[in-house]
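Asker: The structure follows.
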Amino acid sequence: MKRFAALFNAIDQSTKTTVKVAALADYFNDANDMDRLWTVALFSGRRPKRAVTTTRLREWAAEAAEIPLWLFEDSYAVVGDLAETIALVLPPNDTEDKSDLSFWINALRGLADVGELNRKTFVIDAWNRLGGTERFVFNKLITGGFRMGVSQKLMTRALSRATGKPEAELAHRLMGNWHPDDVTWHQLIEADDATADASRPYPFYLAYALEDGPGTLGDPQDWRAEWKWDGIRGQLILRDGSYFVWSRGEELMTDRFPELARAIDHIPPGTVLDGELLVWPADQDKPSSFNALQARIGRKTVPKKLLAEAPVVLHAYDMLEWQGDDLRDAPFADRRALLEQTCADLPPEAPLRLSPQHPFESWDTLASLRSTAREAHAEGLMLKRADSPYLAGRKKGDWWKWKLDPLTIDAVMIYAQAGSGRRANLFTDFTFAVWNGNELVPFTKAYSGLTDAEFRQITAWVRKNTLQRFGPVRQVTPHHVFEIAFEGIQASKRHKSGVALRFPRMARWRQDKPLAEANTLDDLNEMLRIYG
Amino acid sequence: MSKDAVLTFTDKGIYCAAGDFYIDPWRPVARALITHGHADHARWGMGSYLATHAALPVMRHRLGDITAEGIDFGEVRQIGGAQVSFHPAGHVPGSAQIRVEVGGEVWVASGDYKIVDDGLSEAFEPVRCHHFITESTFGLPVFRWADQRDVAAALNEWWAGCAAQGKTAFLGAYALGKAQRLMAMLDPAIGPILTHGAVEHTNRVLRDQGLTLPDTTLANAELSPKDHPRALVLAPPSALGSKWAKTFGPQETAFASGWMALRGVRRRRAGDRGFVISDHADWHGLLWAIKETGAENIYVTHGYTDVFTRYLQDEGWNAQVVPTQFEGETLDASTDEPEGAT
């Protein structure tokens, strides 16, 4: 595992993309086949099945470190990463272990078949054998969630450098269902690509946000506009008589959306559609809120009642494959024409709709359309260049999301809590309140939006202005007003204020604003009435 | 704590009624006993100051014209009804724990401390007492400091690597204490050590009082970085990445702090590298120090106070959290900058 740990250190110690890519490319050139295959798997989210529950890991780590479990838990809350917490609380040792990455992964997978006592012996023995980064990496292999500052995009770039193959091709090869057990390095990366799995999706094309409006995009006639829905981006694949649904996070979600099976009755095999998964009951003229969809995603199998109450429909906006042919190089307008043809005669019971395009004459008319997005339960507009190919990943130029400005409210900070992990020594988690008469009513928490310098400044202030401590939470003097931005507002019985916000964050620290001028609960309720 | 306790905790600081003085007060008082010169312990505006002879020069440098008196380590002084003496805390040069005895009852206020000998500060000495006031900046079992020699080796390897690539090595550290400790760990054979003004001023004060530090060159506006290839620059954290730092051309930055033990913090703040080195005690250091005092009553003033106190209680100590305005080791410069500094 030394080689892999060295790669980890090289990547972890640098903030520079070029250094990370170079370290990865070197690794792909000199690691053995099984190790590099597993490395690609790990960095693309394909981790070995967890063989030990985190509950047991915590208990064993506390025992091995000779500290009480609560102390381990409190330390974990500060560190923010279980694998790292374990590595830190155990006594240090120098590693002499010569086994490679694949050895440890296979050993961990073998744990599924042995009793708990043997698992414990194995894990504690491994902690004794491995030191430093190797111990941390070993813990990461158990706990999963292998994130180390390497995006799939970076890894693909490094693979491209190591193999000489184009990035887009590699990105596509790495999509979908594959596992190091069933495929060799040669098959996955090098061989001719004839045996691809039927479920394999295309890499999603992602848009950048349009910050300053469409004025600089040129002639409006070159562009197409559609709603930017507040659902889940999904790819529907119809091949060989089966259907597959992939989320943008490259998660296979077929089982969660059984109603999409009926797409097979209406669309021929050899078709791949890109669109938005939305909860949209037949008798409604707009989709339900994201909450309704969230209830669906949370279920691996969907009860009948929920299926009836919250039916999911794919609103398709692009066609990536037709009659088995990859359409991605064709202009968007052509792909869209094919899509419209295909969706033209769909009966109402089909779990599929065409996501409409909105014709517009000028950017001004488009801007006024955008301002009505919230009423349509959309987040804004998508702008796509009519002649654009379907690219892989986030690329600037041809696709833009032109979102609505967030809703905002000015609120008073009343509680502060230290962050964890990256922000362990700073107060970063704040609770905000609005006025209700002379009383401050808490209504949301927010963690993000300030610069590091601002977090440091507010941290120093919190230390000096703590009124009371409740464990890790500090009640502070009501003094600072922040502009809280959010994407949506809903009634909520679980919150004292009666509302729940979607994506709240600190937009600005209103140091110019006196305490008394923060917004009120009435203001919040008015927003709920309009946008809820 | 009963009302006639030797030391009480007030909104101005730690107070001794028998001697009518405060220890490290955060609001102006007539008489202040100071553990060490960091800004959260030695503040401006006290009627008079008492600190060790070794701590005073830096305090005078930072606080300007103050009425202050020096005391030797171990020297016992009677103040009103209290017997007071100062004992090495090992935190920075001159830093002290303050022992206060009234009617046979002994309290020790330790300020900030570390138990390993850094070769520069007077080494920490445990003081037997009944009541011990402790910090807990790194009072979690995830904090465990490596041997200083190992850190020095890693530091020098990094510097030599920068030098070999034609890059200037920028190392961020507190101007008082940490910077000088790092200097003593550096291998001058690799290249010249340059210093930011804030660091060099403190160097000058410490050299004048007899401390031996490696040769350094002030990197002021007249200095031409080109004339100093293979250099390492020691600067306060706030100067890393500044306009001034950019004049040095290609560079790597590193940060030296106990917080660098946490990967998340390291990634957020370290620049290119983070070295784990602190002038505060780690988990085992804190526990060792507390045991060595023999005290049954422990007051935890700053850091991971709640967790650390609960652990001490579980282990049988009579421990409690005492909120104060001490800050311990922060990643920004506030602890290290004299009040009113520009």
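Just remember, in the structure tokens the first chain shown is A, the second B, etc., residues are 1-based per chain, and ligands are 1-based in the order shown.
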Write down, as a list of chain:residue names, each residue of chain B that has any atom within 6 Å of an atom of chain A, counting only C-alpha atoms.
Answerer: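 Listed by rising number, the hits are B:Pro141, B:Val142, B:Gly264, B:Val265, B:Arg268, B:Asp272, B:Arg273.
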Asker: The selected residues should be written to file as an mmCIF file, in the first residue's frame (atoms: C-alpha atoms).
Answerer:
data_model
loop_
_atom_site.group_PDB
_atom_site.id
_atom_site.type_symbol
_atom_site.label_atom_id
_atom_site.label_comp_id
_atom_site.auth_asym_id
_atom_site.auth_seq_id
_atom_site.Cartn_x
_atom_site.Cartn_y
_atom_site.Cartn_z
ATOM 1 C CA PRO B 141 -6.795 12.768 21.890
ATOM 2 C CA VAL B 142 -6.374 13.405 18.150
ATOM 3 C CA GLY B 264 -9.118 19.557 6.774
ATOM 4 C CA VAL B 265 -7.444 22.564 8.348
ATOM 5 C CA ARG B 268 -7.763 24.982 3.938
ATOM 6 C CA ASP B 272 1.569 23.921 -0.120
ATOM 7 C CA ARG B 273 2.580 22.241 3.127
#
Asker: Could you find all residues in region 390-519 of chain A that DSSP calls strand (DSSP E) from the backbone, and write them as an mmCIF file with C-alpha atoms, in the first residue's frame?
Answerer:
data_model
loop_
_atom_site.group_PDB
_atom_site.id
_atom_site.type_symbol
_atom_site.label_atom_id
_atom_site.label_comp_id
_atom_site.auth_asym_id
_atom_site.auth_seq_id
_atom_site.Cartn_x
_atom_site.Cartn_y
_atom_site.Cartn_z
ATOM 1 C CA GLY A 393 -18.647 17.438 -18.231
ATOM 2 C CA ARG A 394 -18.831 21.107 -17.331
ATOM 3 C CA TRP A 399 -24.837 25.815 -22.456
ATOM 4 C CA TRP A 400 -25.700 28.239 -19.686
ATOM 5 C CA LYS A 401 -28.006 28.169 -16.712
ATOM 6 C CA TRP A 402 -29.624 31.520 -16.087
ATOM 7 C CA LYS A 403 -31.060 31.095 -12.651
ATOM 8 C CA LEU A 407 -34.741 35.193 -2.260
ATOM 9 C CA THR A 408 -33.100 37.127 0.530
ATOM 10 C CA ILE A 409 -33.869 38.196 4.054
ATOM 11 C CA ASP A 410 -31.836 40.116 6.632
ATOM 12 C CA ALA A 411 -31.431 38.141 9.837
ATOM 13 C CA VAL A 412 -29.675 38.337 13.187
ATOM 14 C CA MET A 413 -27.034 35.835 14.251
ATOM 15 C CA ILE A 414 -27.936 34.380 17.661
ATOM 16 C CA TYR A 415 -26.022 31.094 17.998
ATOM 17 C CA ALA A 416 -22.619 30.006 16.751
ATOM 18 C CA GLN A 417 -20.958 26.625 16.625
ATOM 19 C CA ALA A 418 -17.467 25.620 15.554
ATOM 20 C CA PHE A 427 -16.985 29.375 14.221
ATOM 21 C CA THR A 428 -18.773 28.716 10.959
ATOM 22 C CA ASP A 429 -22.193 27.265 11.770
ATOM 23 C CA PHE A 430 -24.636 29.969 12.715
ATOM 24 C CA THR A 431 -28.285 30.144 13.668
ATOM 25 C CA PHE A 432 -30.243 33.153 12.472
ATOM 26 C CA ALA A 433 -33.372 34.820 13.759
ATOM 27 C CA VAL A 434 -35.920 37.402 12.662
ATOM 28 C CA TRP A 435 -37.868 39.792 14.845
ATOM 29 C CA ASN A 436 -41.280 38.926 16.209
ATOM 30 C CA GLU A 439 -38.343 38.694 20.432
ATOM 31 C CA LEU A 440 -35.883 37.048 18.073
ATOM 32 C CA VAL A 441 -37.247 33.861 16.529
ATOM 33 C CA PRO A 442 -34.699 31.451 15.070
ATOM 34 C CA PHE A 443 -35.625 30.279 11.564
ATOM 35 C CA THR A 444 -32.576 28.894 9.799
ATOM 36 C CA LYS A 445 -28.985 27.802 10.051
ATOM 37 C CA ALA A 446 -26.343 28.666 7.506
ATOM 38 C CA THR A 466 -20.506 34.567 24.185
ATOM 39 C CA LEU A 467 -23.489 34.897 26.507
ATOM 40 C CA GLN A 468 -24.044 31.225 27.301
ATOM 41 C CA ARG A 469 -22.703 27.866 26.268
ATOM 42 C CA PHE A 470 -24.835 24.846 25.515
ATOM 43 C CA VAL A 473 -23.185 25.832 20.865
ATOM 44 C CA ARG A 474 -22.622 29.379 21.972
ATOM 45 C CA GLN A 475 -25.361 31.902 22.383
ATOM 46 C CA VAL A 476 -23.944 35.243 21.322
ATOM 47 C CA VAL A 481 -27.031 41.192 10.712
ATOM 48 C CA PHE A 482 -26.515 38.914 7.708
ATOM 49 C CA GLU A 483 -28.316 38.784 4.410
ATOM 50 C CA ILE A 484 -29.480 35.193 4.047
ATOM 51 C CA ALA A 485 -30.068 33.995 0.486
ATOM 52 C CA PHE A 486 -32.190 30.942 -0.271
ATOM 53 C CA GLY A 488 -37.237 28.366 -1.777
ATOM 54 C CA ILE A 489 -39.465 28.523 1.275
ATOM 55 C CA GLN A 490 -41.919 25.972 2.658
ATOM 56 C CA ALA A 491 -44.221 25.724 5.637
ATOM 57 C CA VAL A 499 -40.922 27.830 7.779
ATOM 58 C CA ALA A 500 -38.100 25.813 6.238
ATOM 59 C CA LEU A 501 -35.720 27.283 3.673
ATOM 60 C CA ARG A 502 -34.053 25.589 0.733
ATOM 61 C CA ARG A 505 -26.494 30.599 2.889
ATOM 62 C CA MET A 506 -24.957 33.875 3.947
ATOM 63 C CA ALA A 507 -24.984 36.213 0.987
ATOM 64 C CA ARG A 508 -23.500 39.191 2.778
ATOM 65 C CA TRP A 509 -22.428 40.311 6.190
#
Asker: Nearest to Met175 (chain A) among A:Leu238, A:Ile189, A:Leu141, A:Ile264, with distances taken over only C-alpha atoms: which residue is it?
Answerer: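 Checking each candidate against Met175 (chain A), we get A:Ile189 as the closest.
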Asker: Contacts of Ala163 (chain B) at 8 Å or less, counting only C-alpha atoms, minus same-chain residues fewer than 3 places along, as a PDB file with C-alpha atoms, in the first residue's frame?
Answerer:
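The resulting file, part_6.pdb, is reproduced below:
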ATOM      1  CA  TRP B 159      13.068  23.832   2.145  1.00  0.00           C
ATOM      2  CA  ALA B 160      15.854  22.012   0.295  1.00  0.00           C
ATOM      3  CA  GLY B 166      14.551  27.675  -7.629  1.00  0.00           C
ATOM      4  CA  LYS B 167      11.598  28.575  -5.416  1.00  0.00           C
ATOM      5  CA  THR B 168      11.539  30.723  -2.311  1.00  0.00           C
ATOM      6  CA  ALA B 169      10.207  28.860   0.715  1.00  0.00           C
ATOM      7  CA  ILE B 190      20.436  25.003   2.887  1.00  0.00           C
ATOM      8  CA  GLY B 191      20.265  28.754   2.318  1.00  0.00           C
ATOM      9  CA  PRO B 229      18.630  32.465  -3.919  1.00  0.00           C
ATOM     10  CA  ARG B 230      17.591  29.356  -1.951  1.00  0.00           C
ATOM     11  CA  ALA B 231      16.088  31.589   0.751  1.00  0.00           C
TER      12      ALA B 231
END
Asker: Could you jot down the CA of Thr477 (chain A) to CA of Val462 (chain A) separation for me, Å, one decimal place?
Answerer: 8.5 Å
Asker: Near region 8-18 of chain B, within 6 Å and counting only C-alpha atoms, which residues show up once chain neighbours fewer than 6 positions away are dropped, as number ranges by chain?
Answerer: B: 25-27, 81-82
Asker: Among region 133-341 of chain B, which residues does DSSP mark as alpha helix (DSSP H) when it is run on the backbone? Keep the chain and numbering as in the structure and answer as a ChimeraX atom specification.
Answerer: /B:148-164,178-185,197-208,243-246,263-269,283-293,305-314
Asker: For region 93-98 of chain A, please output as number ranges by chain all residues within 10 Å (counting only C-alpha atoms; exclusion window: fewer than 2 positions along the same chain).
Answerer: A: 1-3, 90-91, 100-101, 103, 126-135
Asker: Work out how far CA of Ser151 (chain A) is from CA of Leu170 (chain A), in Å to one decimal.
Answerer: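 If I compute the distance from CA of Leu170 (chain A) to CA of Ser151 (chain A), I get 14.1 Å.
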Asker: CA of Ser136 (chain B) and CA of Phe308 (chain B), how far apart in Å?
Answerer: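 CA of Ser136 (chain B) lies 6.9 Å from CA of Phe308 (chain B).
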Asker: Using only C-alpha atoms for the distances, tell me which of A:Phe360, A:Tyr243, A:Trp280, A:Phe4 is nearest to Ala263 (chain A).
Answerer: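 The shortest atom-to-atom distance to Ala263 (chain A) comes from A:Tyr243.
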Asker: Write out as a ChimeraX atom specification the residues lying within 9 Å of region 184-189 of chain B, counting only C-alpha atoms and excluding same-chain residues fewer than 4 positions away.
Answerer: /B:118-120,148-149,151-153,155-156,159,179-180,193,212-215
